[in-house]
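Chemist: First the structure, then my questions, so here it is.
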Amino acid sequence: KHISEQKVIEAIDPRKDVDGFHPVNTGRMISGLPAYLPATPDGILELLGYYRIETAGKHCVVIGRSNIVGRPIANLLSQKGWDCTVTLCHSRTKNLAEVVRGGDIVIAALGKAEFVTADMIKPGAVVVDVGITRVPSDRTKSGWKLLGDVKFDEVAPKCSYITPVPGGVGPMTIISLMKNTLKAARREVYKLIAAAGAVRCRRRAIVKIPSGFRRGFFVFRRAFSRKPGGRGVVRSCSQPIRSARCFPFCRIGRGISTRSSVRVRNPRRGIRSAG
């Protein structure tokens, strides 16, 4: 309890946050930008897409408002491409059974075993059971059994689609996590490496960036490359770089380019212009 969960999450590099919990990735997801999506919501979307379940214009009811499942899936289904009308329910929702009964798609992610019963689901609805709870059982060798948030035996006859527990959303969560790991290895989400305070080069030298970039310009102070004096090495700038395109930096050849025309000093060739 003495460890702050939020501080641990914020300490993770967003470029390596394959769980998709960092505030940077959360903000990019909400904005519709490329990001590492949380594994369970991404797995749910994969299920809906694979079985070609119509979502446009449908009423989706999400039970549970956690940052891991409830809120992300509610946001993703409301974005363009999925086009759902989403209702997010929680423990304080009044007339919960009536609200859930109106959903064409019901996603249960509240963590209470067999909470959703048959009288809460309308005929032909699509039910996605995210919850998983271990309860004692005399019928199993281990003495335990896994139950979802939906009472499967009652609800299944009324549904057009329903996910079992276990074997439903769980495997899709693992697959989505591995997919994010592969994306991180290929740098598909964060293609350009940049930071507000420093940029690391190939020899792990640091290029300091003044705080003046917040005012719309800054002066490139110093840079390093693999070979001192090599081609494309930025030594100094004769004027401030005022173009917004100069940030973030990207590696080109042996040195560093700012995507903007600057004056480069090469000890062998004097001063030349590089873009």
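Ligands are numbered from 1 in the order shown, chains are lettered A, B, ... in the order of the structure tokens, and residues start at 1 in each chain.
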So that I can see what lies close to Leu96 (chain A), please list as a list in words the residues with an atom at most 10 Å from it, counting only C-alpha atoms and leaving out residues fewer than 5 positions away in the same chain.
Modeler: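 Non-adjacent residues within range: Ile63, Cys89, His90, Ser91, Arg101 and Met120 of chain A.
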Chemist: Using only C-alpha atoms, which protein or nucleic acid residues come within 10 Å of Leu45 (chain A)? Drop anything in the same chain fewer than 2 positions from it, and give the result as JSON, numbers by chain.
Modeler: {"A": [40, 41, 42, 43, 47, 48, 49, 50, 53, 73, 76, 77, 82, 172]}
Chemist: Go through A:Thr87, A:Asn67, A:Ser4, A:Thr55 and flag the residue nearest His22 (chain A), using only C-alpha atoms for the distances.
Modeler: A:Asn67
Chemist: I need the residues of region 47-200 of chain A that end up classed as strand (DSSP E) by DSSP on the backbone, written out as a VMD selection string.
Modeler: chain A and resid 59 to 63 85 to 89 105 to 108 126 to 129 133 to 136 144 to 147 161 to 162 198 to 200
Chemist: Nearest to Leu33 (chain A) among A:Asn95, A:Val126, A:Gln79, A:Lys145, with distances taken over only C-alpha atoms: which residue is it?
Modeler: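 For Leu33 (chain A), the nearest of the candidates is A:Gln79.
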Chemist: Here is a test: counting only C-alpha atoms, which residue of A:Pro136, A:Gly131, A:Gly148, A:Gly57 is nearest to Asp83 (chain A)?
Modeler: A:Gly57
Chemist: Might you pull out every residue within 7 Å of Cys159 (chain A), with only C-alpha atoms counted and same-chain residues fewer than 4 positions away left off, and present them as a PyMOL selection string?
Modeler: chain A and resi 123-127+155
Chemist: So how far away is CA of Ala39 (chain A) from CA of Ile175 (chain A), in Å?
Modeler: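 About the pair CA of Ile175 (chain A) and CA of Ala39 (chain A): they are 8.0 Å apart.
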Chemist: Please report the interatomic distance between CA of Lys58 (chain A) and CA of Thr85 (chain A) in Å with one decimal.
Modeler: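 Calculated distance between CA of Lys58 (chain A) and CA of Thr85 (chain A) is 6.0 Å.
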Chemist: For Ala108 (chain A), work out the shell of residues within 9 Å, counting only C-alpha atoms and skipping chain neighbours fewer than 5 positions away, then give it as a PyMOL selection string.
Modeler: chain A and resi 61-64+70+115-116+127-131+148-150
Chemist: Where in region 1-94 of chain A does DSSP assign alpha helix (DSSP H), given as number ranges by chain?
Modeler: A: 5-10, 23-31, 39-50, 70-78
Chemist: Would you mind reading off the distance between CA of Pro157 (chain A) and CA of Gly103 (chain A), one decimal, in Å?
Modeler: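 Interatomic distance, CA of Pro157 (chain A) to CA of Gly103 (chain A): 16.6 Å.
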Chemist: From the options A:Glu188, A:Asp104, A:Asp138, A:Glu5, which residue's atoms come nearest to Glu54 (chain A), counting only C-alpha atoms?
Modeler: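 Among the listed residues, the smallest separation from Glu54 (chain A) belongs to A:Asp104.
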